[in-house]
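Novice: Structure below; questions to follow.
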Amino acid sequence: EHARNVWKNADGPPVIEDKYCTRSPKFNWTYSIPLAEFSSTLSRGGFPVGQVSSVESSVLSDSPRVENLLVEDEAGLKMIPATEIRRILGYKEVKSTWFDVKLSRGTITFSGRGYGHGVGMCQWGAKGMADAGFSYRDILKFYYPDAEITRAY
């Protein structure tokens with residue numbers, strides 16, 4: 001992920017495609033929550049909603065990650081930042097903002113990828129590279145291609 005999409009005015013490493021991270025047990029995940037519990041949890045978290053009739057996501061323009069969840073109830077459409085959805089529902093439940101969301105039969109289901117913000121190094125990817133024989137320098141250069149490795153003492 002681009003650092004600027006996670007932290008305001010942040011610079012970070014370029015976005016890379018990490019085939020080694022697919023080994024993570026959290027690479028693909030699903031979380032389902034009953035609609036009534038979803039509504040009450042959002043309301044307790046500071047985003048009051050009534051009877052939810054639809055849920056959709058809007059993604060960032062330069063990323064597959066969700067920027068906002070669009071929740072419609074009898075009062076209209078509400079935009080809730082995906083980062084707030086993670087905070088309110090729980091980071092262990094909605095593991096990243098890279099998800100699809102579906103409302104079906106009184107249940108909201110999030111189907112996603114990854115665990116965390118997506119900026120920088122994937123620990124499982126680094127382990128996969130190490131297991132494949134890459135050195136720590138190779139691993140750091142892969143995840144942080146613009147960085148220089150220097151002695152600090």
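As shown in the structure tokens, the chain order sets the letters A, B, ...; within each chain, residues go from 1, and ligands are also counted from 1 in the order they appear.
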Taking the DSSP assignment computed from this structure's backbone, write out as a PyMOL selection string all residues of chain A that belong to alpha helix (DSSP H).
Specialist: chain A and resi 35-44+82-89+123-131+136-143
Novice: Return as a PyMOL selection string the full set of residues in chain A whose backbone-based DSSP assignment is strand (DSSP E).
Specialist: chain A and resi 28-34+54-59+66-73+76-81+99-104+107-113
Novice: Please measure the separation of CA of Asp11 (chain A) and CA of Tyr153 (chain A), giving the value in Å to one decimal.
Specialist: 25.7 Å
Novice: At a cut-off of 7 Å, using only C-alpha atoms, what residues contact region 141-143 of chain A? Leave out same-chain residues fewer than 2 positions from it and give the result as number ranges by chain.
Specialist: A: 120-121, 137-139, 145
Novice: Sort by chain and increasing residue number a table of all residues of region 25-80 of chain A within 9 Å of region 92-107 of chain A, each with its closest pair of atoms and their distance in Å to one decimal, counting only C-alpha atoms, and write it as JSON lines.
Specialist:
{"residue": "A:Lys26", "atom": "CA", "partner": "A:Lys95", "partner_atom": "CA", "distance": 8.0}
{"residue": "A:Trp29", "atom": "CA", "partner": "A:Lys95", "partner_atom": "CA", "distance": 7.8}
{"residue": "A:Thr30", "atom": "CA", "partner": "A:Val94", "partner_atom": "CA", "distance": 8.0}
{"residue": "A:Tyr31", "atom": "CA", "partner": "A:Glu93", "partner_atom": "CA", "distance": 6.0}
{"residue": "A:Ser32", "atom": "CA", "partner": "A:Thr107", "partner_atom": "CA", "distance": 6.5}
{"residue": "A:Ile33", "atom": "CA", "partner": "A:Thr107", "partner_atom": "CA", "distance": 5.7}
{"residue": "A:Pro34", "atom": "CA", "partner": "A:Thr107", "partner_atom": "CA", "distance": 4.4}
{"residue": "A:Leu35", "atom": "CA", "partner": "A:Thr107", "partner_atom": "CA", "distance": 5.0}
{"residue": "A:Ala36", "atom": "CA", "partner": "A:Gly106", "partner_atom": "CA", "distance": 7.9}
{"residue": "A:Phe38", "atom": "CA", "partner": "A:Thr107", "partner_atom": "CA", "distance": 8.5}
{"residue": "A:Ser53", "atom": "CA", "partner": "A:Leu103", "partner_atom": "CA", "distance": 8.6}
{"residue": "A:Ser54", "atom": "CA", "partner": "A:Leu103", "partner_atom": "CA", "distance": 6.8}
{"residue": "A:Val55", "atom": "CA", "partner": "A:Leu103", "partner_atom": "CA", "distance": 6.4}
{"residue": "A:Glu56", "atom": "CA", "partner": "A:Val101", "partner_atom": "CA", "distance": 6.4}
{"residue": "A:Ser57", "atom": "CA", "partner": "A:Val101", "partner_atom": "CA", "distance": 6.8}
{"residue": "A:Val59", "atom": "CA", "partner": "A:Trp98", "partner_atom": "CA", "distance": 8.8}
{"residue": "A:Ser63", "atom": "CA", "partner": "A:Trp98", "partner_atom": "CA", "distance": 8.8}
{"residue": "A:Pro64", "atom": "CA", "partner": "A:Trp98", "partner_atom": "CA", "distance": 6.3}
{"residue": "A:Arg65", "atom": "CA", "partner": "A:Trp98", "partner_atom": "CA", "distance": 4.1}
{"residue": "A:Val66", "atom": "CA", "partner": "A:Thr97", "partner_atom": "CA", "distance": 5.3}
{"residue": "A:Glu67", "atom": "CA", "partner": "A:Thr97", "partner_atom": "CA", "distance": 7.6}
{"residue": "A:Leu69", "atom": "CA", "partner": "A:Val101", "partner_atom": "CA", "distance": 8.6}
Novice: Those same residues, written as a PDB file, in the first residue's frame with N, CA, C and O atoms?
Specialist:
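Writing the result to result.pdb gives the following:
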ATOM      1  N   LYS A  26      -3.141 -15.504   7.277  1.00  0.00           N
ATOM      2  CA  LYS A  26      -4.130 -14.428   7.223  1.00  0.00           C
ATOM      3  C   LYS A  26      -4.187 -13.798   5.828  1.00  0.00           C
ATOM      4  O   LYS A  26      -4.775 -12.745   5.650  1.00  0.00           O
ATOM      5  N   TRP A  29      -9.060 -14.032   4.346  1.00  0.00           N
ATOM      6  CA  TRP A  29      -9.844 -14.171   5.557  1.00  0.00           C
ATOM      7  C   TRP A  29     -11.295 -13.786   5.284  1.00  0.00           C
ATOM      8  O   TRP A  29     -11.602 -13.124   4.308  1.00  0.00           O
ATOM      9  N   THR A  30     -12.164 -14.229   6.189  1.00  0.00           N
ATOM     10  CA  THR A  30     -13.591 -13.911   6.116  1.00  0.00           C
ATOM     11  C   THR A  30     -14.092 -13.626   7.520  1.00  0.00           C
ATOM     12  O   THR A  30     -13.692 -14.293   8.474  1.00  0.00           O
ATOM     13  N   TYR A  31     -14.951 -12.630   7.630  1.00  0.00           N
ATOM     14  CA  TYR A  31     -15.591 -12.318   8.902  1.00  0.00           C
ATOM     15  C   TYR A  31     -17.058 -12.020   8.621  1.00  0.00           C
ATOM     16  O   TYR A  31     -17.378 -11.203   7.759  1.00  0.00           O
ATOM     17  N   SER A  32     -17.941 -12.690   9.346  1.00  0.00           N
ATOM     18  CA  SER A  32     -19.380 -12.469   9.203  1.00  0.00           C
ATOM     19  C   SER A  32     -19.954 -11.990  10.532  1.00  0.00           C
ATOM     20  O   SER A  32     -19.522 -12.427  11.601  1.00  0.00           O
ATOM     21  N   ILE A  33     -20.938 -11.097  10.421  1.00  0.00           N
ATOM     22  CA  ILE A  33     -21.592 -10.547  11.607  1.00  0.00           C
ATOM     23  C   ILE A  33     -23.081 -10.371  11.300  1.00  0.00           C
ATOM     24  O   ILE A  33     -23.438  -9.900  10.217  1.00  0.00           O
ATOM     25  N   PRO A  34     -23.951 -10.796  12.223  1.00  0.00           N
ATOM     26  CA  PRO A  34     -25.381 -10.587  11.999  1.00  0.00           C
ATOM     27  C   PRO A  34     -25.685  -9.091  11.833  1.00  0.00           C
ATOM     28  O   PRO A  34     -25.068  -8.234  12.478  1.00  0.00           O
ATOM     29  N   LEU A  35     -26.642  -8.789  10.973  1.00  0.00           N
ATOM     30  CA  LEU A  35     -26.978  -7.408  10.635  1.00  0.00           C
ATOM     31  C   LEU A  35     -27.347  -6.575  11.865  1.00  0.00           C
ATOM     32  O   LEU A  35     -26.879  -5.448  12.008  1.00  0.00           O
ATOM     33  N   ALA A  36     -28.135  -7.134  12.763  1.00  0.00           N
ATOM     34  CA  ALA A  36     -28.536  -6.378  13.968  1.00  0.00           C
ATOM     35  C   ALA A  36     -27.319  -6.055  14.828  1.00  0.00           C
ATOM     36  O   ALA A  36     -27.193  -4.942  15.359  1.00  0.00           O
ATOM     37  N   PHE A  38     -24.211  -5.801  13.731  1.00  0.00           N
ATOM     38  CA  PHE A  38     -23.441  -4.836  12.942  1.00  0.00           C
ATOM     39  C   PHE A  38     -23.952  -3.417  13.213  1.00  0.00           C
ATOM     40  O   PHE A  38     -23.176  -2.517  13.524  1.00  0.00           O
ATOM     41  N   SER A  53     -30.226  -1.341   5.007  1.00  0.00           N
ATOM     42  CA  SER A  53     -30.838  -1.957   3.827  1.00  0.00           C
ATOM     43  C   SER A  53     -29.808  -2.337   2.765  1.00  0.00           C
ATOM     44  O   SER A  53     -30.059  -3.202   1.930  1.00  0.00           O
ATOM     45  N   SER A  54     -28.633  -1.684   2.785  1.00  0.00           N
ATOM     46  CA  SER A  54     -27.578  -2.060   1.844  1.00  0.00           C
ATOM     47  C   SER A  54     -26.218  -1.626   2.382  1.00  0.00           C
ATOM     48  O   SER A  54     -26.123  -0.701   3.189  1.00  0.00           O
ATOM     49  N   VAL A  55     -25.198  -2.329   1.924  1.00  0.00           N
ATOM     50  CA  VAL A  55     -23.821  -2.034   2.288  1.00  0.00           C
ATOM     51  C   VAL A  55     -22.969  -2.216   1.043  1.00  0.00           C
ATOM     52  O   VAL A  55     -23.076  -3.233   0.356  1.00  0.00           O
ATOM     53  N   GLU A  56     -22.165  -1.204   0.738  1.00  0.00           N
ATOM     54  CA  GLU A  56     -21.242  -1.278  -0.392  1.00  0.00           C
ATOM     55  C   GLU A  56     -19.929  -0.656   0.040  1.00  0.00           C
ATOM     56  O   GLU A  56     -19.853   0.012   1.057  1.00  0.00           O
ATOM     57  N   SER A  57     -18.911  -0.855  -0.782  1.00  0.00           N
ATOM     58  CA  SER A  57     -17.624  -0.256  -0.472  1.00  0.00           C
ATOM     59  C   SER A  57     -17.193   0.654  -1.611  1.00  0.00           C
ATOM     60  O   SER A  57     -17.570   0.449  -2.761  1.00  0.00           O
ATOM     61  N   VAL A  59     -13.541   2.042  -3.120  1.00  0.00           N
ATOM     62  CA  VAL A  59     -12.106   1.788  -2.994  1.00  0.00           C
ATOM     63  C   VAL A  59     -11.302   3.051  -3.288  1.00  0.00           C
ATOM     64  O   VAL A  59     -11.787   3.983  -3.938  1.00  0.00           O
ATOM     65  N   SER A  63      -5.506   2.009  -5.307  1.00  0.00           N
ATOM     66  CA  SER A  63      -5.307   0.844  -4.455  1.00  0.00           C
ATOM     67  C   SER A  63      -6.563  -0.032  -4.489  1.00  0.00           C
ATOM     68  O   SER A  63      -7.657   0.463  -4.718  1.00  0.00           O
ATOM     69  N   PRO A  64      -6.395  -1.323  -4.230  1.00  0.00           N
ATOM     70  CA  PRO A  64      -7.589  -2.179  -4.127  1.00  0.00           C
ATOM     71  C   PRO A  64      -8.258  -2.091  -2.754  1.00  0.00           C
ATOM     72  O   PRO A  64      -9.294  -2.703  -2.526  1.00  0.00           O
ATOM     73  N   ARG A  65      -7.684  -1.315  -1.859  1.00  0.00           N
ATOM     74  CA  ARG A  65      -8.215  -1.213  -0.503  1.00  0.00           C
ATOM     75  C   ARG A  65      -9.429  -0.278  -0.432  1.00  0.00           C
ATOM     76  O   ARG A  65      -9.552   0.647  -1.213  1.00  0.00           O
ATOM     77  N   VAL A  66     -10.277  -0.559   0.530  1.00  0.00           N
ATOM     78  CA  VAL A  66     -11.517   0.200   0.709  1.00  0.00           C
ATOM     79  C   VAL A  66     -11.215   1.507   1.437  1.00  0.00           C
ATOM     80  O   VAL A  66     -10.496   1.527   2.435  1.00  0.00           O
ATOM     81  N   GLU A  67     -11.774   2.578   0.915  1.00  0.00           N
ATOM     82  CA  GLU A  67     -11.659   3.874   1.584  1.00  0.00           C
ATOM     83  C   GLU A  67     -12.833   4.076   2.540  1.00  0.00           C
ATOM     84  O   GLU A  67     -12.656   4.447   3.696  1.00  0.00           O
ATOM     85  N   LEU A  69     -16.973   2.599   3.705  1.00  0.00           N
ATOM     86  CA  LEU A  69     -18.096   1.680   3.621  1.00  0.00           C
ATOM     87  C   LEU A  69     -19.342   2.547   3.490  1.00  0.00           C
ATOM     88  O   LEU A  69     -19.517   3.509   4.249  1.00  0.00           O
TER      89      LEU A  69
END
Novice: Return the single residue from A:Lys19, A:Ala82, A:Lys8, A:Asn28 that is closest to Arg113 (chain A), with distances computed using only C-alpha atoms.
Specialist: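 Closest to Arg113 (chain A), using only C-alpha atoms: A:Asn28.
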Novice: Nearest to Ser24 (chain A) among A:Ala126, A:Ile80, A:Val52, A:Val119, with distances taken over only C-alpha atoms: which residue is it?
Specialist: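 For Ser24 (chain A), the nearest of the candidates is A:Ala126.
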Novice: Between A:Val49, A:Ser135, A:Gly118, A:Gly112, which residue has the minimum interatomic distance to Gly76 (chain A), considering only C-alpha atoms?
Specialist: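 That would be A:Val49, the residue with the smallest distance to Gly76 (chain A).
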Novice: For the atom pair CA of Lys127 (chain A) and CA of Thr22 (chain A), what is the interatomic distance in Å to one decimal place?
Specialist: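 Separation of CA of Lys127 (chain A) and CA of Thr22 (chain A): 11.2 Å.
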Novice: Measuring atom to atom with only C-alpha atoms, identify which of A:Arg86, A:Asp131, A:Pro81, A:Ala152 is nearest to Thr41 (chain A).
Specialist: A:Arg86
Novice: Which is closer to Gly114 (chain A) than all the others in A:Ala75, A:Ser40, A:Asn68, A:Tyr91, using only C-alpha atoms?
Specialist: A:Tyr91
Novice: Rank nothing, just name the residue among A:Cys21, A:Ile16, A:Glu148, A:His117 nearest to Thr83 (chain A), using only C-alpha atoms.
Specialist: A:His117
Novice: To one decimal place in Å, what is the distance between CA of Arg44 (chain A) and CA of Ile88 (chain A)?
Specialist: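 These atoms are spaced 8.4 Å apart.
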